[in-house]
$ cat data_0.pdb   # PDB, C-alpha atoms and all ligand atoms
ATOM      1  CA  MET A   1       0.000   0.000   0.000
ATOM      2  CA  PHE A   2       1.356   3.429  -0.845
ATOM      3  CA  GLU A   3       0.083   6.955  -0.599
ATOM      4  CA  LYS A   4       1.084  10.099  -2.477
ATOM      5  CA  ILE A   5       2.068  12.715   0.081
ATOM      6  CA  ALA A   6       3.431  15.431  -2.233
ATOM      7  CA  ASP A   7       4.306  15.753  -5.929
ATOM      8  CA  ASN A   8       6.371  12.685  -6.886
ATOM      9  CA  PHE A   9       6.676  11.758  -3.207
ATOM     10  CA  TYR A  10       5.161   8.548  -1.845
ATOM     11  CA  PHE A  11       4.774   6.923   1.553
ATOM     12  CA  ILE A  12       4.832   3.121   1.589
ATOM     13  CA  GLN A  13       3.458   1.568   4.739
ATOM     14  CA  ARG A  14       5.069  -1.727   5.698
ATOM     15  CA  GLY A  15       4.811  -3.619   8.986
ATOM     16  CA  TRP A  16       6.909  -4.228  12.091
ATOM     17  CA  LEU A  17       9.695  -6.374  10.616
ATOM     18  CA  SER A  18      10.336  -3.872   7.834
ATOM     19  CA  GLY A  19      10.040  -0.155   8.501
ATOM     20  CA  ASN A  20       8.026   2.156   6.231
ATOM     21  CA  HIS A  21       9.609   3.578   3.071
ATOM     22  CA  PHE A  22       9.440   6.856   1.155
ATOM     23  CA  VAL A  23      10.000   7.235  -2.562
ATOM     24  CA  PHE A  24      10.815  10.473  -4.345
ATOM     25  CA  ASN A  25      10.486   9.937  -8.076
ATOM     26  CA  GLY A  26      11.348  13.328  -9.564
ATOM     27  CA  ALA A  27      14.407  14.298 -11.589
ATOM     28  CA  GLN A  28      16.368  12.769  -8.722
ATOM     29  CA  LYS A  29      15.271   9.313  -7.530
ATOM     30  CA  VAL A  30      15.459   8.984  -3.781
ATOM     31  CA  LEU A  31      14.480   6.340  -1.226
ATOM     32  CA  ILE A  32      14.167   6.837   2.490
ATOM     33  CA  ASP A  33      14.643   3.567   4.454
ATOM     34  CA  THR A  34      14.590   0.119   2.874
ATOM     35  CA  GLY A  35      13.150  -2.441   5.329
ATOM     36  CA  TYR A  36      14.561  -5.745   6.601
ATOM     37  CA  LYS A  37      16.945  -7.897   4.553
ATOM     38  CA  LYS A  38      14.671 -10.950   4.454
ATOM     39  CA  ASP A  39      11.977  -8.763   2.844
ATOM     40  CA  VAL A  40      14.114  -7.363   0.010
ATOM     41  CA  ASP A  41      11.910  -8.808  -2.746
ATOM     42  CA  THR A  42       8.762  -7.295  -1.235
ATOM     43  CA  THR A  43      10.572  -3.986  -0.732
ATOM     44  CA  LEU A  44      11.633  -3.859  -4.395
ATOM     45  CA  ARG A  45       8.087  -4.737  -5.477
ATOM     46  CA  CYS A  46       6.609  -1.983  -3.280
ATOM     47  CA  ILE A  47       9.027   0.584  -4.709
ATOM     48  CA  LYS A  48       8.237  -0.466  -8.301
ATOM     49  CA  LYS A  49       4.524   0.018  -7.642
ATOM     50  CA  THR A  50       5.117   3.756  -7.171
ATOM     51  CA  GLY A  51       6.639   3.846 -10.671
ATOM     52  CA  LEU A  52      10.299   3.891  -9.631
ATOM     53  CA  ASP A  53      12.647   1.215 -10.909
ATOM     54  CA  PRO A  54      15.054   0.397  -8.016
ATOM     55  CA  ALA A  55      17.867   0.206 -10.606
ATOM     56  CA  ASP A  56      17.374   3.964 -11.180
ATOM     57  CA  VAL A  57      17.750   5.062  -7.556
ATOM     58  CA  ASP A  58      20.246   7.923  -7.108
ATOM     59  CA  LEU A  59      20.232   8.229  -3.339
ATOM     60  CA  ILE A  60      19.079   6.343  -0.241
ATOM     61  CA  ILE A  61      18.598   8.345   2.938
ATOM     62  CA  ALA A  62      18.765   6.067   5.998
ATOM     63  CA  THR A  63      17.071   7.449   9.122
ATOM     64  CA  HIS A  64      19.356   5.169  11.177
ATOM     65  CA  SER A  65      21.339   1.949  10.836
ATOM     66  CA  HIS A  66      18.941  -0.530  12.476
ATOM     67  CA  CYS A  67      18.279  -3.682  10.475
ATOM     68  CA  ASP A  68      14.626  -2.861   9.692
ATOM     69  CA  HIS A  69      15.552   0.421   7.976
ATOM     70  CA  ILE A  70      18.648  -0.515   5.939
ATOM     71  CA  GLY A  71      17.900  -4.111   4.867
ATOM     72  CA  ALA A  72      17.907  -3.479   1.102
ATOM     73  CA  ASN A  73      20.619  -0.788   1.083
ATOM     74  CA  LYS A  74      23.357  -3.136  -0.124
ATOM     75  CA  SER A  75      21.303  -4.822  -2.836
ATOM     76  CA  ILE A  76      19.854  -1.536  -4.148
ATOM     77  CA  GLN A  77      23.315   0.029  -4.094
ATOM     78  CA  GLU A  78      24.687  -2.930  -6.107
ATOM     79  CA  LEU A  79      21.759  -2.659  -8.525
ATOM     80  CA  SER A  80      21.821   1.104  -9.059
ATOM     81  CA  GLY A  81      25.202   2.371  -7.843
ATOM     82  CA  CYS A  82      23.276   4.837  -5.676
ATOM     83  CA  GLU A  83      24.733   7.048  -2.974
ATOM     84  CA  ILE A  84      23.677   6.576   0.642
ATOM     85  CA  GLY A  85      23.424   9.266   3.311
ATOM     86  CA  MET A  86      22.908   9.180   7.064
ATOM     87  CA  HIS A  87      23.817  11.003  10.276
ATOM     88  CA  PRO A  88      27.598  11.065  10.943
ATOM     89  CA  ILE A  89      27.247   8.835  14.031
ATOM     90  CA  GLU A  90      25.368   6.103  12.161
ATOM     91  CA  ARG A  91      27.730   6.568   9.220
ATOM     92  CA  TYR A  92      30.666   5.939  11.544
ATOM     93  CA  PHE A  93      29.110   2.634  12.684
ATOM     94  CA  ILE A  94      28.687   1.537   9.070
ATOM     95  CA  ASP A  95      32.095   2.838   7.919
ATOM     96  CA  THR A  96      33.842   0.982  10.762
ATOM     97  CA  LYS A  97      31.685  -2.131  10.265
ATOM     98  CA  ASN A  98      30.407  -2.034  13.823
ATOM     99  CA  ASP A  99      27.621  -4.613  14.027
ATOM    100  CA  TRP A 100      27.212  -4.048  17.791
ATOM    101  CA  TYR A 101      26.315  -0.330  17.841
ATOM    102  CA  THR A 102      23.967  -0.968  14.934
ATOM    103  CA  TRP A 103      22.303  -3.582  17.222
ATOM    104  CA  TRP A 104      22.591  -6.345  14.574
ATOM    105  CA  ARG A 105      24.828  -8.676  16.611
ATOM    106  CA  TYR A 106      23.367  -7.710  19.985
ATOM    107  CA  TYR A 107      19.861  -8.733  18.885
ATOM    108  CA  ASP A 108      20.934 -11.502  16.452
ATOM    109  CA  GLN A 109      19.620  -9.718  13.358
ATOM    110  CA  ASP A 110      20.518 -10.151   9.705
ATOM    111  CA  ALA A 111      21.959  -7.165   7.805
ATOM    112  CA  ASP A 112      24.733  -6.195   5.380
ATOM    113  CA  PHE A 113      27.131  -3.275   5.431
ATOM    114  CA  PHE A 114      27.041  -0.830   2.536
ATOM    115  CA  THR A 115      28.946   2.250   1.399
ATOM    116  CA  VAL A 116      27.945   5.634   2.802
ATOM    117  CA  SER A 117      28.789   8.760   0.836
ATOM    118  CA  HIS A 118      26.840  11.557   2.587
ATOM    119  CA  SER A 119      26.463  12.774   6.145
ATOM    120  CA  TYR A 120      23.373  14.671   7.311
ATOM    121  CA  GLU A 121      23.742  16.798  10.407
ATOM    122  CA  ASP A 122      21.071  18.402  12.541
ATOM    123  CA  GLY A 123      19.807  21.533  10.776
ATOM    124  CA  ASP A 124      20.891  20.486   7.280
ATOM    125  CA  THR A 125      18.365  20.788   4.473
ATOM    126  CA  ILE A 126      17.940  18.012   1.924
ATOM    127  CA  PRO A 127      16.314  19.184  -1.320
ATOM    128  CA  LEU A 128      14.003  16.711  -3.066
ATOM    129  CA  GLY A 129      12.782  18.574  -6.135
ATOM    130  CA  PRO A 130      10.674  21.419  -4.729
ATOM    131  CA  LEU A 131      10.532  19.798  -1.256
ATOM    132  CA  ARG A 132      12.923  20.897   1.446
ATOM    133  CA  LEU A 133      13.495  18.337   4.198
ATOM    134  CA  ARG A 134      15.109  19.669   7.350
ATOM    135  CA  VAL A 135      17.274  17.166   9.217
ATOM    136  CA  ILE A 136      16.435  16.850  12.901
ATOM    137  CA  HIS A 137      18.759  14.750  15.026
ATOM    138  CA  THR A 138      16.512  12.643  17.279
ATOM    139  CA  PRO A 139      18.700  10.345  19.422
ATOM    140  CA  GLY A 140      17.414   8.064  22.175
ATOM    141  CA  HIS A 141      16.394   5.020  20.180
ATOM    142  CA  ALA A 142      19.523   5.256  17.996
ATOM    143  CA  ALA A 143      22.491   7.546  18.636
ATOM    144  CA  GLY A 144      22.425   9.059  15.168
ATOM    145  CA  GLN A 145      18.769   8.775  14.292
ATOM    146  CA  ILE A 146      17.367  11.547  12.124
ATOM    147  CA  SER A 147      13.817  12.693  11.546
ATOM    148  CA  LEU A 148      12.981  14.793   8.468
ATOM    149  CA  TYR A 149      10.699  17.818   8.600
ATOM    150  CA  ALA A 150       9.089  19.630   5.672
ATOM    151  CA  PRO A 151       8.267  23.096   7.104
ATOM    152  CA  GLN A 152       6.213  24.270   4.123
ATOM    153  CA  GLN A 153       4.098  21.133   3.815
ATOM    154  CA  ARG A 154       4.116  20.683   7.625
ATOM    155  CA  PHE A 155       4.841  16.982   7.630
ATOM    156  CA  LEU A 156       7.342  15.034   9.689
ATOM    157  CA  ILE A 157       9.056  11.773   8.823
ATOM    158  CA  SER A 158       9.653  10.701  12.397
ATOM    159  CA  ALA A 159      11.527   7.357  11.971
ATOM    160  CA  ASP A 160      11.406   5.495  15.310
ATOM    161  CA  ALA A 161      11.394   8.640  17.460
ATOM    162  CA  VAL A 162       7.576   8.812  17.312
ATOM    163  CA  TRP A 163       4.980   6.202  16.429
ATOM    164  CA  ASP A 164       1.317   6.560  17.235
ATOM    165  CA  GLY A 165       1.658   6.830  21.027
ATOM    166  CA  ASP A 166       4.772   4.705  21.242
ATOM    167  CA  PHE A 167       8.381   4.759  19.970
ATOM    168  CA  GLY A 168      11.241   2.435  19.085
ATOM    169  CA  VAL A 169      12.741   0.364  21.890
ATOM    170  CA  LEU A 170      15.303   2.043  24.153
ATOM    171  CA  THR A 171      18.371  -0.210  24.411
ATOM    172  CA  THR A 172      20.317   1.337  27.288
ATOM    173  CA  ARG A 173      23.035  -1.358  27.076
ATOM    174  CA  ILE A 174      24.102   0.054  23.711
ATOM    175  CA  GLU A 175      22.717   3.584  23.642
ATOM    176  CA  GLY A 176      23.775   4.270  27.251
ATOM    177  CA  SER A 177      21.981   5.049  30.501
ATOM    178  CA  ALA A 178      21.025   8.499  29.162
ATOM    179  CA  SER A 179      19.063   7.127  26.227
ATOM    180  CA  PRO A 180      15.610   7.695  27.842
ATOM    181  CA  PHE A 181      16.662  11.294  28.511
ATOM    182  CA  MET A 182      17.839  11.707  24.934
ATOM    183  CA  GLN A 183      14.484  10.331  23.784
ATOM    184  CA  HIS A 184      12.814  12.867  26.092
ATOM    185  CA  ASP A 185      14.769  15.715  24.508
ATOM    186  CA  SER A 186      14.024  14.422  21.018
ATOM    187  CA  LEU A 187      10.289  14.413  21.784
ATOM    188  CA  GLU A 188      10.572  17.956  23.176
ATOM    189  CA  LYS A 189      12.378  19.085  20.032
ATOM    190  CA  LEU A 190       9.710  17.576  17.769
ATOM    191  CA  SER A 191       6.898  19.017  19.900
ATOM    192  CA  LYS A 192       8.093  22.534  19.065
ATOM    193  CA  LEU A 193       7.521  22.020  15.328
ATOM    194  CA  ASP A 194       4.357  23.003  13.513
ATOM    195  CA  ILE A 195       3.284  19.571  12.250
ATOM    196  CA  ALA A 196       0.062  18.591  10.496
ATOM    197  CA  VAL A 197       0.939  14.971   9.709
ATOM    198  CA  ILE A 198       3.524  12.487  10.942
ATOM    199  CA  TYR A 199       4.764   9.628   8.788
ATOM    200  CA  PRO A 200       6.279   7.217  11.309
ATOM    201  CA  GLY A 201       8.937   4.544  10.834
ATOM    202  CA  HIS A 202       6.359   1.873  11.625
ATOM    203  CA  GLY A 203       2.565   1.958  11.665
ATOM    204  CA  THR A 204      -0.045   4.129  10.036
ATOM    205  CA  ILE A 205      -0.040   7.819   9.171
ATOM    206  CA  ILE A 206      -0.568  10.001  12.255
ATOM    207  CA  THR A 207      -3.104  12.766  11.675
ATOM    208  CA  ASP A 208      -3.162  14.048  15.253
ATOM    209  CA  PRO A 209       0.536  14.744  15.936
ATOM    210  CA  ARG A 210      -0.099  16.585  19.242
ATOM    211  CA  ASN A 211      -1.937  13.625  20.653
ATOM    212  CA  ALA A 212       0.680  11.122  19.451
ATOM    213  CA  LEU A 213       3.535  13.180  20.900
ATOM    214  CA  ASP A 214       1.694  13.639  24.227
ATOM    215  CA  ARG A 215       1.123   9.894  24.489
ATOM    216  CA  CYS A 216       4.802   9.254  23.702
ATOM    217  CA  ARG A 217       5.833  11.707  26.420
ATOM    218  CA  LYS A 218       3.492  10.101  28.959
ATOM    219  CA  ARG A 219       4.741   6.641  28.072
ATOM    220  CA  LEU A 220       8.329   7.758  28.549
ATOM    221  CA  GLU A 221       7.429   9.336  31.923
ATOM    222  CA  THR A 222       6.019   6.005  33.133
ATOM    223  CA  PHE A 223       9.227   4.284  31.980
ATOM    224  CA  LEU A 224      11.324   6.750  33.965
ATOM    225  CA  LYS A 225       9.122   6.407  37.063
ATOM    226  CA  GLU A 226       9.017   2.617  36.862
ATOM    227  CA  PRO A 227      12.126   1.342  35.070
ATOM    228  CA  GLN A 228      10.800  -2.221  35.042
ATOM    229  CA  ARG A 229       8.237  -1.065  32.482
ATOM    230  CA  LEU A 230      11.093  -0.073  30.221
ATOM    231  CA  GLY A 231      12.507  -3.577  30.646
ATOM    232  CA  ARG A 232       9.141  -5.165  29.897
ATOM    233  CA  ASP A 233       8.763  -3.001  26.790
ATOM    234  CA  GLN A 234      12.220  -4.079  25.596
ATOM    235  CA  MET A 235      11.532  -7.767  26.271
ATOM    236  CA  LYS A 236       8.204  -7.669  24.430
ATOM    237  CA  LYS A 237       9.385  -5.666  21.440
ATOM    238  CA  ILE A 238      12.523  -7.735  20.886
ATOM    239  CA  ILE A 239      10.776 -11.090  21.393
ATOM    240  CA  LEU A 240       8.106 -10.063  18.866
ATOM    241  CA  TYR A 241      10.745  -8.804  16.461
ATOM    242  CA  THR A 242      12.759 -12.017  16.811
ATOM    243  CA  LEU A 243       9.682 -14.123  16.064
ATOM    244  CA  LEU A 244       8.933 -12.000  12.981
ATOM    245  CA  ALA A 245      12.541 -12.082  11.751
ATOM    246  CA  LYS A 246      12.831 -15.854  12.195
ATOM    247  CA  SER A 247       9.291 -16.616  10.929
ATOM    248  CA  GLY A 248       8.429 -18.107  14.327
ATOM    249  CA  PHE A 249      10.476 -20.308  16.634
ATOM    250  CA  PRO A 250       9.989 -23.817  18.128
ATOM    251  CA  GLU A 251       8.509 -23.251  21.580
ATOM    252  CA  ASP A 252      10.552 -25.990  23.267
ATOM    253  CA  THR A 253      13.867 -24.316  22.404
ATOM    254  CA  PHE A 254      12.933 -20.620  22.486
ATOM    255  CA  PHE A 255      13.944 -19.980  26.096
ATOM    256  CA  ALA A 256      17.277 -21.771  25.528
ATOM    257  CA  TYR A 257      17.836 -19.658  22.390
ATOM    258  CA  LEU A 258      17.073 -16.423  24.266
ATOM    259  CA  SER A 259      19.290 -17.457  27.196
ATOM    260  CA  LYS A 260      22.255 -17.751  24.833
ATOM    261  CA  SER A 261      21.567 -14.383  23.178
ATOM    262  CA  HIS A 262      23.578 -11.287  24.093
ATOM    263  CA  TRP A 263      20.557  -9.344  25.247
ATOM    264  CA  PHE A 264      18.028 -11.479  27.107
ATOM    265  CA  SER A 265      19.930 -12.320  30.298
ATOM    266  CA  GLU A 266      21.295  -8.845  30.770
ATOM    267  CA  VAL A 267      17.879  -7.230  30.344
ATOM    268  CA  ALA A 268      16.615  -9.673  32.993
ATOM    269  CA  ASP A 269      19.659  -8.769  35.150
ATOM    270  CA  LEU A 270      18.990  -5.077  34.726
ATOM    271  CA  TYR A 271      15.238  -4.971  35.329
ATOM    272  CA  PHE A 272      14.023  -8.325  36.700
ATOM    273  CA  GLN A 273      16.527  -9.376  39.412
ATOM    274  CA  SER A 274      18.001 -12.083  37.132
ATOM    275  CA  ARG A 275      14.771 -14.098  37.275
ATOM    276  CA  TYR A 276      15.345 -15.481  33.770
ATOM    277  CA  ARG A 277      12.808 -18.289  33.503
ATOM    278  CA  GLU A 278      10.079 -16.487  35.481
ATOM    279  CA  THR A 279      10.526 -13.326  33.445
ATOM    280  CA  TYR A 280      10.347 -15.300  30.199
ATOM    281  CA  GLU A 281       7.177 -17.033  31.341
ATOM    282  CA  GLU A 282       5.547 -13.782  32.484
ATOM    283  CA  ILE A 283       6.336 -11.960  29.239
ATOM    284  CA  MET A 284       5.260 -14.871  27.019
ATOM    285  CA  ALA A 285       2.019 -15.293  29.001
ATOM    286  CA  GLN A 286       1.218 -11.615  28.380
ATOM    287  CA  LEU A 287       2.038 -11.852  24.672
ATOM    288  CA  LEU A 288      -0.022 -15.047  24.271
ATOM    289  CA  ASP A 289      -2.872 -13.588  26.287
ATOM    290  CA  ARG A 290      -3.005 -10.510  24.023
ATOM    291  CA  ARG A 291      -2.754 -12.768  20.940
ATOM    292  CA  LEU A 292       0.375 -10.912  19.852
ATOM    293  CA  VAL A 293       1.939 -14.379  19.840
ATOM    294  CA  ILE A 294       0.140 -17.606  18.996
ATOM    295  CA  ARG A 295       1.114 -21.287  19.068
ATOM    296  CA  GLU A 296       1.075 -23.112  15.756
ATOM    297  CA  GLN A 297       2.187 -26.752  15.571
ATOM    298  CA  GLY A 298       4.748 -26.362  18.325
ATOM    299  CA  ARG A 299       5.997 -23.000  17.055
ATOM    300  CA  LEU A 300       5.561 -19.583  18.567
ATOM    301  CA  MET A 301       4.459 -17.106  15.907
ATOM    302  CA  ALA A 302       4.078 -13.314  16.117
ATOM    303  CA  THR A 303       0.728 -12.142  14.731
ATOM    304  CA  LEU A 304       1.863  -8.597  13.883
ATOM    305  CA  LYS A 305       2.081  -7.589  10.251
ATOM    306  CA  ALA A 306       5.657  -8.269   9.175
TER     307      ALA A 306
HETATM  308 FE    FE B 401      15.130   1.482  14.911
END
$ encode --input "data_0.pdb" --output "structure tokens"
Amino acid sequence: MFEKIADNFYFIQRGWLSGNHFVFNGAQKVLIDTGYKKDVDTTLRCIKKTGLDPADVDLIIATHSHCDHIGANKSIQELSGCEIGMHPIERYFIDTKNDWYTWWRYYDQDADFFTVSHSYEDGDTIPLGPLRLRVIHTPGHAAGQISLYAPQQRFLISADAVWDGDFGVLTTRIEGSASPFMQHDSLEKLSKLDIAVIYPGHGTIITDPRNALDRCRKRLETFLKEPQRLGRDQMKKIILYTLLAKSGFPEDTFFAYLSKSHWFSEVADLYFQSRYRETYEEIMAQLLDRRLVIREQGRLMATLKA
């Protein structure tokens, strides 16, 4: 599904495994974010539907280096020879082939490095035909995450800084203990903008930006007041993401798999007094109860749109 949001500019809504994309098909051919690696074929198909041949892409703008936003960067770059731009911090992670700060190794995700040619700093303007996108550095979820604001058209491409009342997971182990405070400041920064519509990194178009930002701020406040809620949010989001990325997982070995991962035990250490098995059972019971996860022939499957 795609929607025209300005002349030659399209929003493509994906799911939770692959982030949303944007296509600018003017004199210059530009993509913003390219989904998860496993979904490359679907991503290319979605882009073609807007009328743009991925082989003709001139530039990919990556809001950040997480696996669900850069998954087709390498293959599209090989296909088209396109340039790729991102914030200098994220660029540094890619340039130095750091698969930890990009979260790929930490969360056992699949992704490829690519070549970055442009850096976008806070306050820069990226011209897309007649559109002017202002770069807004919005750290918290990712150290070098950028959101893109069109002041004339009053829309915001928020990446994972703002979804509809929620935001991308805060991984303090990698982003640091200040990451919730950086997210707070990013939300404050975005709240000062005159925005009519938000196009988030995941989920549907947000037509009441005030309300979405208020709900994000309240959610963050509850995380800061009760840190265990932050831990629960991280557990749930990453378990769901893992199940989407791996197309489900055998239930009898899932806890053992998580226990060997880099992230699971230390999140339980940080927020749940190292109660590994009990925490796993509590979180899974909640996910199963809400039908966010179902059992299918011995496998746990996430029900969210991939
Ligand atoms: Fe992200």
$ atom_distance --input "data_0.pdb" --atom1 "atom CA of A:Asp122" --atom2 "atom CA of A:His87"
8.2 Å
$ residues_near_point --input "data_0.pdb" --point "(19.7, -4.6, 15.7)" --cutoff "10 Å" --atoms "all atoms listed in the file" --output "list in words"
Ser65, His66, Cys67, Asp68, Asp99, Trp100, Tyr101, Thr102, Trp103, Trp104, Arg105, Tyr106, Tyr107, Asp108, Gln109, Asp110, Ala111, Thr171, Ile238 and Tyr241 of chain A
$ closest_atom_pairs --input "data_0.pdb" --of "chain A" --to "ligand FE 401 (chain B)" --cutoff "7 Å" --atoms "only C-alpha atoms and all ligand atoms" --output "tab-separated table"
residue	atom	partner	partner_atom	distance
A:His64	CA	B:FE401	FE	6.7
A:His66	CA	B:FE401	FE	4.9
A:Asp68	CA	B:FE401	FE	6.8
A:His141	CA	B:FE401	FE	6.5
A:Ala142	CA	B:FE401	FE	6.6
A:Asp160	CA	B:FE401	FE	5.5
A:Gly168	CA	B:FE401	FE	5.8
$ closest_residue --input "data_0.pdb" --among "A:Phe155, A:Leu44, A:Pro180, A:Gln77" --to "A:Lys225" --atoms "only C-alpha atoms"
A:Pro180
$ atom_distance --input "data_0.pdb" --atom1 "atom CA of A:Phe181" --atom2 "atom CA of A:Thr63"
19.8 Å
$ resolve_selection --input "data_0.pdb" --expression "the PyMOL selection byres (((chain A and resi 140) around 7) and not hetatm)" --output "list in words"
Thr138, Pro139, His141, Ala142, Ala143, Leu170, Ser179, Pro180, Met182 and Gln183 of chain A
$ atom_distance --input "data_0.pdb" --atom1 "atom CA of A:Val197" --atom2 "atom CA of A:Glu83"
28.1 Å
$ resolve_selection --input "data_0.pdb" --expression "the PyMOL selection byres (((chain A and resi 251) around 7) and not hetatm)" --output "number ranges by chain"
A: 249-250, 252-254, 298-300
$ residues_around --input "data_0.pdb" --residues "A:Lys74" --least-positions-apart "6" --cutoff "7 Å" --atoms "only C-alpha atoms" --output "list in words"
Asp112, Phe113 and Phe114 of chain A
$ write_last_selection --input "data_0.pdb" --atoms "C-alpha atoms" --output "mmCIF file, keeping the file's coordinate frame"
data_model
loop_
_atom_site.group_PDB
_atom_site.id
_atom_site.type_symbol
_atom_site.label_atom_id
_atom_site.label_comp_id
_atom_site.auth_asym_id
_atom_site.auth_seq_id
_atom_site.Cartn_x
_atom_site.Cartn_y
_atom_site.Cartn_z
ATOM 1 C CA ASP A 112 24.733 -6.195 5.380
ATOM 2 C CA PHE A 113 27.131 -3.275 5.431
ATOM 3 C CA PHE A 114 27.041 -0.830 2.536
#
$ residues_around --input "data_0.pdb" --residues "A:Lys189" --least-positions-apart "4" --cutoff "9 Å" --atoms "only C-alpha atoms" --output "list in words"
Ile136, Thr138, His184, Asp185 and Leu193 of chain A
$ decode --input "data_0.pdb" --residues "stretch 66-72 of chain A" --atoms "all heavy atoms" --output "PDB file, in the first residue's frame"
ATOM      1  N   HIS A  66      19.559   0.719  12.007  1.00  0.00           N
ATOM      2  CA  HIS A  66      18.941  -0.530  12.476  1.00  0.00           C
ATOM      3  C   HIS A  66      18.476  -1.383  11.293  1.00  0.00           C
ATOM      4  O   HIS A  66      18.117  -0.865  10.231  1.00  0.00           O
ATOM      5  CB  HIS A  66      17.758  -0.233  13.408  1.00  0.00           C
ATOM      6  CG  HIS A  66      18.184   0.383  14.705  1.00  0.00           C
ATOM      7  ND1 HIS A  66      17.310   0.942  15.593  1.00  0.00           N
ATOM      8  CD2 HIS A  66      19.422   0.510  15.249  1.00  0.00           C
ATOM      9  CE1 HIS A  66      17.983   1.393  16.643  1.00  0.00           C
ATOM     10  NE2 HIS A  66      19.249   1.155  16.462  1.00  0.00           N
ATOM     11  N   CYS A  67      18.466  -2.707  11.556  1.00  0.00           N
ATOM     12  CA  CYS A  67      18.279  -3.682  10.475  1.00  0.00           C
ATOM     13  C   CYS A  67      16.964  -3.517   9.697  1.00  0.00           C
ATOM     14  O   CYS A  67      16.897  -3.866   8.528  1.00  0.00           O
ATOM     15  CB  CYS A  67      18.359  -5.091  11.045  1.00  0.00           C
ATOM     16  SG  CYS A  67      17.014  -5.446  12.199  1.00  0.00           S
ATOM     17  N   ASP A  68      15.938  -2.972  10.344  1.00  0.00           N
ATOM     18  CA  ASP A  68      14.626  -2.861   9.692  1.00  0.00           C
ATOM     19  C   ASP A  68      14.493  -1.600   8.847  1.00  0.00           C
ATOM     20  O   ASP A  68      13.437  -1.335   8.271  1.00  0.00           O
ATOM     21  CB  ASP A  68      13.492  -2.927  10.732  1.00  0.00           C
ATOM     22  CG  ASP A  68      13.701  -1.991  11.902  1.00  0.00           C
ATOM     23  OD1 ASP A  68      14.862  -1.661  12.219  1.00  0.00           O
ATOM     24  OD2 ASP A  68      12.703  -1.590  12.521  1.00  0.00           O
ATOM     25  N   HIS A  69      15.580  -0.819   8.770  1.00  0.00           N
ATOM     26  CA  HIS A  69      15.552   0.421   7.976  1.00  0.00           C
ATOM     27  C   HIS A  69      16.596   0.419   6.861  1.00  0.00           C
ATOM     28  O   HIS A  69      16.547   1.282   5.980  1.00  0.00           O
ATOM     29  CB  HIS A  69      15.759   1.635   8.897  1.00  0.00           C
ATOM     30  CG  HIS A  69      14.672   1.780   9.921  1.00  0.00           C
ATOM     31  ND1 HIS A  69      13.615   2.653   9.777  1.00  0.00           N
ATOM     32  CD2 HIS A  69      14.444   1.111  11.072  1.00  0.00           C
ATOM     33  CE1 HIS A  69      12.799   2.525  10.814  1.00  0.00           C
ATOM     34  NE2 HIS A  69      13.273   1.590  11.616  1.00  0.00           N
ATOM     35  N   ILE A  70      17.542  -0.526   6.927  1.00  0.00           N
ATOM     36  CA  ILE A  70      18.648  -0.515   5.939  1.00  0.00           C
ATOM     37  C   ILE A  70      18.772  -1.847   5.174  1.00  0.00           C
ATOM     38  O   ILE A  70      19.763  -2.064   4.471  1.00  0.00           O
ATOM     39  CB  ILE A  70      20.008  -0.196   6.619  1.00  0.00           C
ATOM     40  CG1 ILE A  70      20.295  -1.122   7.811  1.00  0.00           C
ATOM     41  CG2 ILE A  70      20.040   1.241   7.119  1.00  0.00           C
ATOM     42  CD1 ILE A  70      20.827  -2.461   7.487  1.00  0.00           C
ATOM     43  N   GLY A  71      17.779  -2.727   5.335  1.00  0.00           N
ATOM     44  CA  GLY A  71      17.900  -4.111   4.867  1.00  0.00           C
ATOM     45  C   GLY A  71      18.157  -4.277   3.377  1.00  0.00           C
ATOM     46  O   GLY A  71      18.767  -5.264   2.959  1.00  0.00           O
ATOM     47  N   ALA A  72      17.690  -3.335   2.548  1.00  0.00           N
ATOM     48  CA  ALA A  72      17.907  -3.479   1.102  1.00  0.00           C
ATOM     49  C   ALA A  72      18.968  -2.489   0.600  1.00  0.00           C
ATOM     50  O   ALA A  72      19.171  -2.361  -0.607  1.00  0.00           O
ATOM     51  CB  ALA A  72      16.592  -3.274   0.348  1.00  0.00           C
TER      52      ALA A  72
END
